[in-house]
Every structure is written in C-alpha cells, then in structure tokens.
$ cat protein15.cif   # mmCIF, C-alpha atoms
data_entry
#
loop_
_atom_site.label_atom_id
_atom_site.label_comp_id
_atom_site.auth_asym_id
_atom_site.auth_seq_id
_atom_site.Cartn_x
_atom_site.Cartn_y
_atom_site.Cartn_z
CA MET A 906 128.39 63.40 171.82
CA GLN A 907 130.76 61.72 174.25
CA GLU A 908 133.63 59.91 172.56
CA LEU A 909 132.78 56.29 171.98
CA ASN A 910 135.54 53.72 172.11
CA GLU A 911 135.95 51.34 169.20
CA ARG A 912 133.90 48.57 170.77
CA THR A 913 130.97 50.68 171.90
CA LYS A 914 130.92 52.35 168.47
CA LEU A 915 130.07 48.97 167.02
CA LEU A 916 126.97 48.91 169.20
CA HIS A 917 125.89 52.52 169.10
CA ARG A 918 126.97 53.87 165.73
CA PRO A 919 125.34 52.40 162.62
CA VAL A 920 127.63 51.96 159.62
CA ASN A 921 125.84 54.73 157.72
CA ASP A 922 126.21 57.29 160.54
CA VAL A 923 129.37 58.84 159.13
CA GLY A 924 128.60 62.58 159.17
CA GLY A 925 131.68 64.56 160.19
CA LEU A 926 134.08 61.61 159.95
CA PRO A 927 137.12 61.77 157.66
CA ARG A 928 136.34 60.14 154.31
CA GLU A 929 137.49 60.01 150.71
CA PRO A 930 135.70 62.60 148.55
CA LEU A 931 132.27 61.44 147.40
CA ASN A 932 131.90 60.21 143.84
CA LEU A 933 129.10 62.41 142.51
CA THR A 934 129.10 61.03 138.97
CA GLU A 935 125.59 60.43 137.65
CA HIS A 936 124.88 56.96 136.33
CA PRO A 937 121.70 55.61 134.73
CA MET A 938 119.61 53.17 136.75
CA GLN A 939 119.68 49.58 135.53
CA PRO A 940 116.28 48.00 134.72
CA TRP A 941 116.58 45.63 137.69
CA GLU A 942 117.30 48.59 139.97
CA LYS A 943 114.09 50.29 138.86
CA ARG A 944 112.17 47.08 139.51
CA CYS A 945 113.81 46.73 142.89
CA HIS A 946 112.83 50.29 143.81
CA ALA A 947 109.24 49.78 142.61
CA LEU A 948 108.92 46.49 144.49
CA LEU A 949 110.14 47.97 147.76
CA GLU A 950 107.85 51.00 147.39
CA SER A 951 104.96 48.65 146.79
CA LEU A 952 105.80 46.51 149.83
CA ASN A 953 106.03 49.72 151.88
CA ALA A 954 102.66 50.99 150.65
CA ARG A 955 101.03 47.70 151.59
CA GLY A 956 102.68 47.61 155.00
CA VAL A 957 104.53 44.37 154.24
CA LEU A 958 107.98 45.88 154.66
CA THR A 959 108.34 49.54 155.58
CA MET A 960 111.15 51.82 154.43
CA GLU A 961 112.26 52.12 158.03
CA GLU A 962 112.52 48.34 158.38
CA LYS A 963 114.54 48.35 155.19
CA ARG A 964 116.86 51.04 156.53
CA ARG A 965 117.43 49.07 159.70
CA GLY A 966 118.11 45.94 157.71
CA ILE A 967 120.76 47.76 155.69
CA GLU A 968 122.41 49.19 158.81
CA ASP A 969 122.52 45.68 160.26
CA MET A 970 124.48 44.19 157.35
CA GLY A 971 127.81 45.12 158.89
CA GLN A 972 130.61 47.28 157.56
CA THR A 973 132.11 44.76 155.13
CA ILE A 974 128.90 44.08 153.21
CA TYR A 975 127.68 47.66 153.54
CA ALA A 976 130.88 48.95 151.91
CA ALA A 977 131.00 46.30 149.19
CA LEU A 978 127.44 46.31 147.82
CA THR A 979 125.89 48.96 145.60
CA TYR A 980 122.85 50.93 146.71
CA TYR A 981 120.22 48.62 145.19
CA GLU A 982 122.19 45.47 145.95
CA LYS A 983 121.78 46.46 149.58
CA TRP A 984 118.03 47.00 149.08
CA ALA A 985 117.65 43.59 147.45
CA MET A 986 119.66 41.71 150.06
CA CYS A 987 117.88 43.49 152.89
CA ALA A 988 114.45 42.79 151.39
CA ALA A 989 115.26 39.10 151.04
CA ASN A 990 116.43 38.85 154.66
CA ALA A 991 113.48 40.82 156.04
CA LEU A 992 110.84 38.92 154.06
CA MET A 993 112.30 35.59 155.19
CA THR A 994 112.33 36.85 158.78
CA LYS A 995 108.64 37.69 158.42
CA GLY A 996 107.92 34.25 157.01
CA HIS A 997 106.93 35.24 153.46
CA PHE A 998 109.28 32.66 151.94
CA THR A 999 112.05 30.36 153.06
CA PRO A 1000 115.75 30.35 152.12
CA ASP A 1001 115.32 27.20 150.00
CA GLU A 1002 112.33 28.68 148.17
CA LEU A 1003 114.35 31.80 147.40
CA ALA A 1004 117.33 29.71 146.23
CA GLU A 1005 115.06 27.67 143.94
CA ARG A 1006 113.53 30.84 142.46
CA ILE A 1007 116.97 32.36 141.87
CA ALA A 1008 118.04 29.13 140.13
CA GLN A 1009 114.89 29.26 137.91
CA VAL A 1010 115.62 32.84 136.91
CA ARG A 1011 119.25 31.99 136.18
CA ARG A 1012 118.23 29.06 133.94
CA ARG A 1013 115.79 31.27 132.06
CA PHE A 1014 118.45 33.95 131.64
CA GLU A 1015 120.96 31.43 130.30
CA GLU A 1016 118.41 30.02 127.83
CA GLU A 1017 117.62 33.48 126.55
CA THR A 1018 121.21 34.59 126.08
CA MET B 273 99.34 69.47 169.38
CA SER B 274 103.08 69.97 169.19
CA ALA B 275 105.02 70.80 172.35
CA LEU B 276 107.54 73.06 170.63
CA ALA B 277 107.17 76.00 168.27
CA ALA B 278 109.34 77.41 165.50
CA CYS B 279 112.39 79.39 166.75
CA GLN B 280 112.53 77.41 170.01
CA ALA B 281 116.12 76.63 171.03
CA VAL B 282 116.59 72.95 171.74
CA ARG B 283 119.21 70.53 172.94
CA ILE B 284 119.28 67.15 171.20
CA ALA B 285 119.26 64.33 173.74
CA ASP B 286 122.75 62.87 174.19
CA ARG B 287 121.36 59.38 174.15
CA ARG B 288 123.01 56.22 172.99
CA THR B 289 120.78 53.87 171.08
CA VAL B 290 121.04 50.29 169.96
CA GLY B 291 119.01 49.03 167.04
CA HIS B 292 117.80 51.96 165.01
CA SER B 293 117.19 55.66 165.14
CA ARG B 294 117.42 58.46 162.61
CA VAL B 295 119.38 60.90 164.77
CA PRO B 296 122.99 61.17 163.56
CA THR B 297 125.68 60.84 166.19
CA TYR B 298 127.07 64.26 165.34
CA VAL B 299 123.98 66.12 166.57
CA ARG B 300 123.47 64.20 169.81
CA GLY B 301 124.03 66.64 172.64
CA ALA B 302 124.18 69.56 170.19
CA ARG B 303 122.22 72.79 170.39
CA GLY B 304 119.86 73.62 167.56
CA THR B 305 116.78 75.68 166.73
CA VAL B 306 113.36 74.48 165.62
CA GLU B 307 113.07 75.65 162.04
CA ARG B 308 109.50 74.41 161.57
CA VAL B 309 106.96 72.03 163.00
CA LEU B 310 106.04 69.20 160.66
CA ARG B 311 103.44 66.68 161.86
CA GLU B 312 103.04 63.43 163.73
CA PHE B 313 104.46 60.24 162.28
CA LEU B 314 105.17 56.75 163.52
CA ILE B 315 108.64 57.09 165.05
CA PRO B 316 111.56 55.27 163.40
CA GLU B 317 112.48 53.39 166.58
CA ASP B 318 109.12 51.56 166.38
CA ASP B 319 108.62 51.53 162.61
CA ALA B 320 112.03 49.94 162.04
CA PHE B 321 111.00 46.91 164.09
CA GLY B 322 107.66 46.29 162.42
CA ARG B 323 105.40 48.06 164.93
CA PRO B 324 102.85 49.90 162.79
CA ASN B 325 100.82 50.74 165.90
CA GLY B 326 103.83 52.17 167.72
CA ARG B 327 104.35 55.67 169.07
CA ARG B 328 103.32 58.60 166.87
CA LEU B 329 105.16 61.80 167.77
CA THR B 330 105.62 65.21 166.22
CA LEU B 331 108.48 65.56 163.77
CA TYR B 332 110.39 68.85 163.63
CA ARG B 333 112.88 70.35 161.23
CA VAL B 334 115.81 71.50 163.37
CA ARG B 335 118.66 73.67 162.17
CA PHE B 336 122.20 73.70 163.44
CA ALA B 337 125.06 76.09 162.73
CA ALA B 338 127.74 74.04 160.97
CA ARG B 339 130.36 75.60 163.26
CA ASP B 340 128.44 74.46 166.35
CA LEU B 341 128.60 70.88 165.11
CA TRP B 342 132.18 70.93 163.83
CA PRO B 343 134.49 73.45 165.52
CA GLN B 344 137.08 73.03 162.74
CA TYR B 345 134.51 73.78 160.03
CA ARG B 346 136.13 76.08 157.44
CA GLY B 347 133.08 77.12 155.41
CA SER B 348 130.91 80.20 155.81
CA ALA B 349 129.81 81.15 159.32
CA SER B 350 126.22 81.16 158.06
CA ASP B 351 126.33 77.54 156.82
CA GLU B 352 123.85 75.33 158.57
CA VAL B 353 122.56 71.77 158.64
CA GLN B 354 118.85 70.97 158.86
CA ILE B 355 117.71 67.61 160.17
CA GLU B 356 114.26 66.20 160.84
CA ILE B 357 114.07 65.00 164.43
CA TYR B 358 111.20 63.65 166.53
CA GLU B 359 109.94 65.25 169.70
CA HIS B 360 111.33 62.65 172.11
CA TRP B 361 114.86 63.71 171.14
CA LEU B 362 114.33 67.44 171.78
CA GLU B 363 114.78 69.24 175.09
CA PRO B 364 113.76 72.93 175.05
CA ILE B 365 116.41 75.42 176.12
CA GLU B 366 114.92 78.37 177.99
CA GLU B 367 116.30 81.49 176.36
CA GLU B 368 115.29 84.23 174.01
CA VAL B 369 116.06 83.29 170.43
CA LYS B 370 115.98 85.64 167.49
CA PRO B 371 113.86 84.22 164.67
#
$ encode --input "protein15.cif" --output "structure tokens"
Amino acid sequence: MQELNERTKLLHRPVNDVGGLPREPLNLTEHPMQPWEKRCHALLESLNARGVLTMEEKRRGIEDMGQTIYAALTYYEKWAMCAANALMTKGHFTPDELAERIAQVRRRFEEET
Amino acid sequence: MSALAACQAVRIADRRTVGHSRVPTYVRGARGTVERVLREFLIPEDDAFGRPNGRRLTLYRVRFAARDLWPQYRGSASDEVQIEIYEHWLEPIEEEVKP
C-alpha cells in the first residue's frame, strides 16, 4: 500500500492493524481466564446471537477507542468498555443508569468482602 | 454463485477506508491467490455499523507468499499468510496459475 503520512494513518489505519510493523516480541504466556472475563465473553456472545450487538460492531468499537486506551486495557477490559459504549449508543441504557448499577455492584462487593 | 474460483490470482484493492474493514493494510495492493471459496456473509463494512440487512458477498480464503508482502522477510521462501477477504476487495489477475 502507498505510504501513509502520520496524519492520514490516524484516519485510515486502525490501531489493531499492526501486521508487519516493528514491535516488541509478543508475550505468549498462557494465563487463566478470570470469572468476570468468562462472563463478559458469554454476555457478548449472547448479545451477538440475539443481534443486539454483533461481533463486528464490537470490533469496530474497540478500534475506535484510540491508541492510548487500546494499549492500556486488557483484552476483556476492551470488550467490556466497548459493550458499554455501544449499548448506550443504541439506547439500551443511559450513562447514569450504568453508573448507578456499577455503584450497586461495588457496594455489594464491599459488603461481601 | 461466487465470481472467483480456487487458484485464481488476485490483486487486493489498494483502497483506503475510514470506519471499519477487515483487510489489513499490509495486503492492500498485494498479489495473492484464492486458496478456497467460502460462502456469502454480511460484509464487515456494513455489519460493523449495525446494518444486519447490508450487503452479503462471498468470502474467500486468500494466500500470500510472505516474501511478497515483506521483501525483507527472512523466513522460509515457502512461508505464506492466509487471510479471509470478501469479494469486493478482490480483482482477478489474468494469468495462468499453478494450483
């Protein structure tokens, strides 16, 4: 492909399109999935199967996070953040409803521990 | 009915996109070979934006010689990359290709 300058790359090259670019070696260490990661995966598969949020919409949402967030979050943190943004965009819940639910879960967690 | 058959030489469209596609930058404009014909699916460019009734096109598995993609590639000359690419990205190249 024609060389893209730094500004056009921001438009035309998603953050995950890194094939062939110089990078640090990949960390291939296996690590067990956390319970919340399994739930996150199951939830997104379920939303995909029901046509609420497709895997391709999720992929786009993750590409759209920007380099800083993309690099900082783990794999399922990206899924969770993307799902929240996409479901709010589609009108399934509002930011204040999500914040209230997160606060409820946090209170429950603190009571239990 | 798919427009291309296995072993067909193809050029990947050298197209810049904004938004979403599943075609990596490093194969745009590259020459590859249809490895196999898969089937029709909703294309990512429509699916990614919540258009379940969008365009459905044939998906192909396309193979590329690693050295065609990366001239400095130091691995085996037979190393290749296979990528699944939709029909609207593939331009047939008219030439005889060995299977």
$ resolve_selection --input "protein15.cif" --expression "the PyMOL selection byres ((chain A) within 9 of (chain B))" --output "PyMOL selection string"
chain A and resi 906-907+916-919+922-925+956-966+968-969
$ atom_distance --input "protein15.cif" --atom1 "atom CA of A:Leu949" --atom2 "atom CA of A:Ala988"
7.7 Å
$ resolve_selection --input "protein15.cif" --expression "the PyMOL selection byres ((chain B and resi 356-358) around 9)" --output "list in words"
Ile284, Arg294, Val295, Leu310, Glu312, Phe313, Ile315, Pro316, Leu329, Thr330, Leu331, Tyr332, Arg333, Val334, Arg335, Gln354, Ile355, Glu359, His360, Trp361 and Leu362 of chain B
$ resolve_selection --input "protein15.cif" --expression "the PyMOL selection byres ((chain A and resi 942) around 12)" --output "count of residues only"
20
$ atom_distance --input "protein15.cif" --atom1 "atom CA of A:Leu915" --atom2 "atom CA of A:Leu978"
19.6 Å
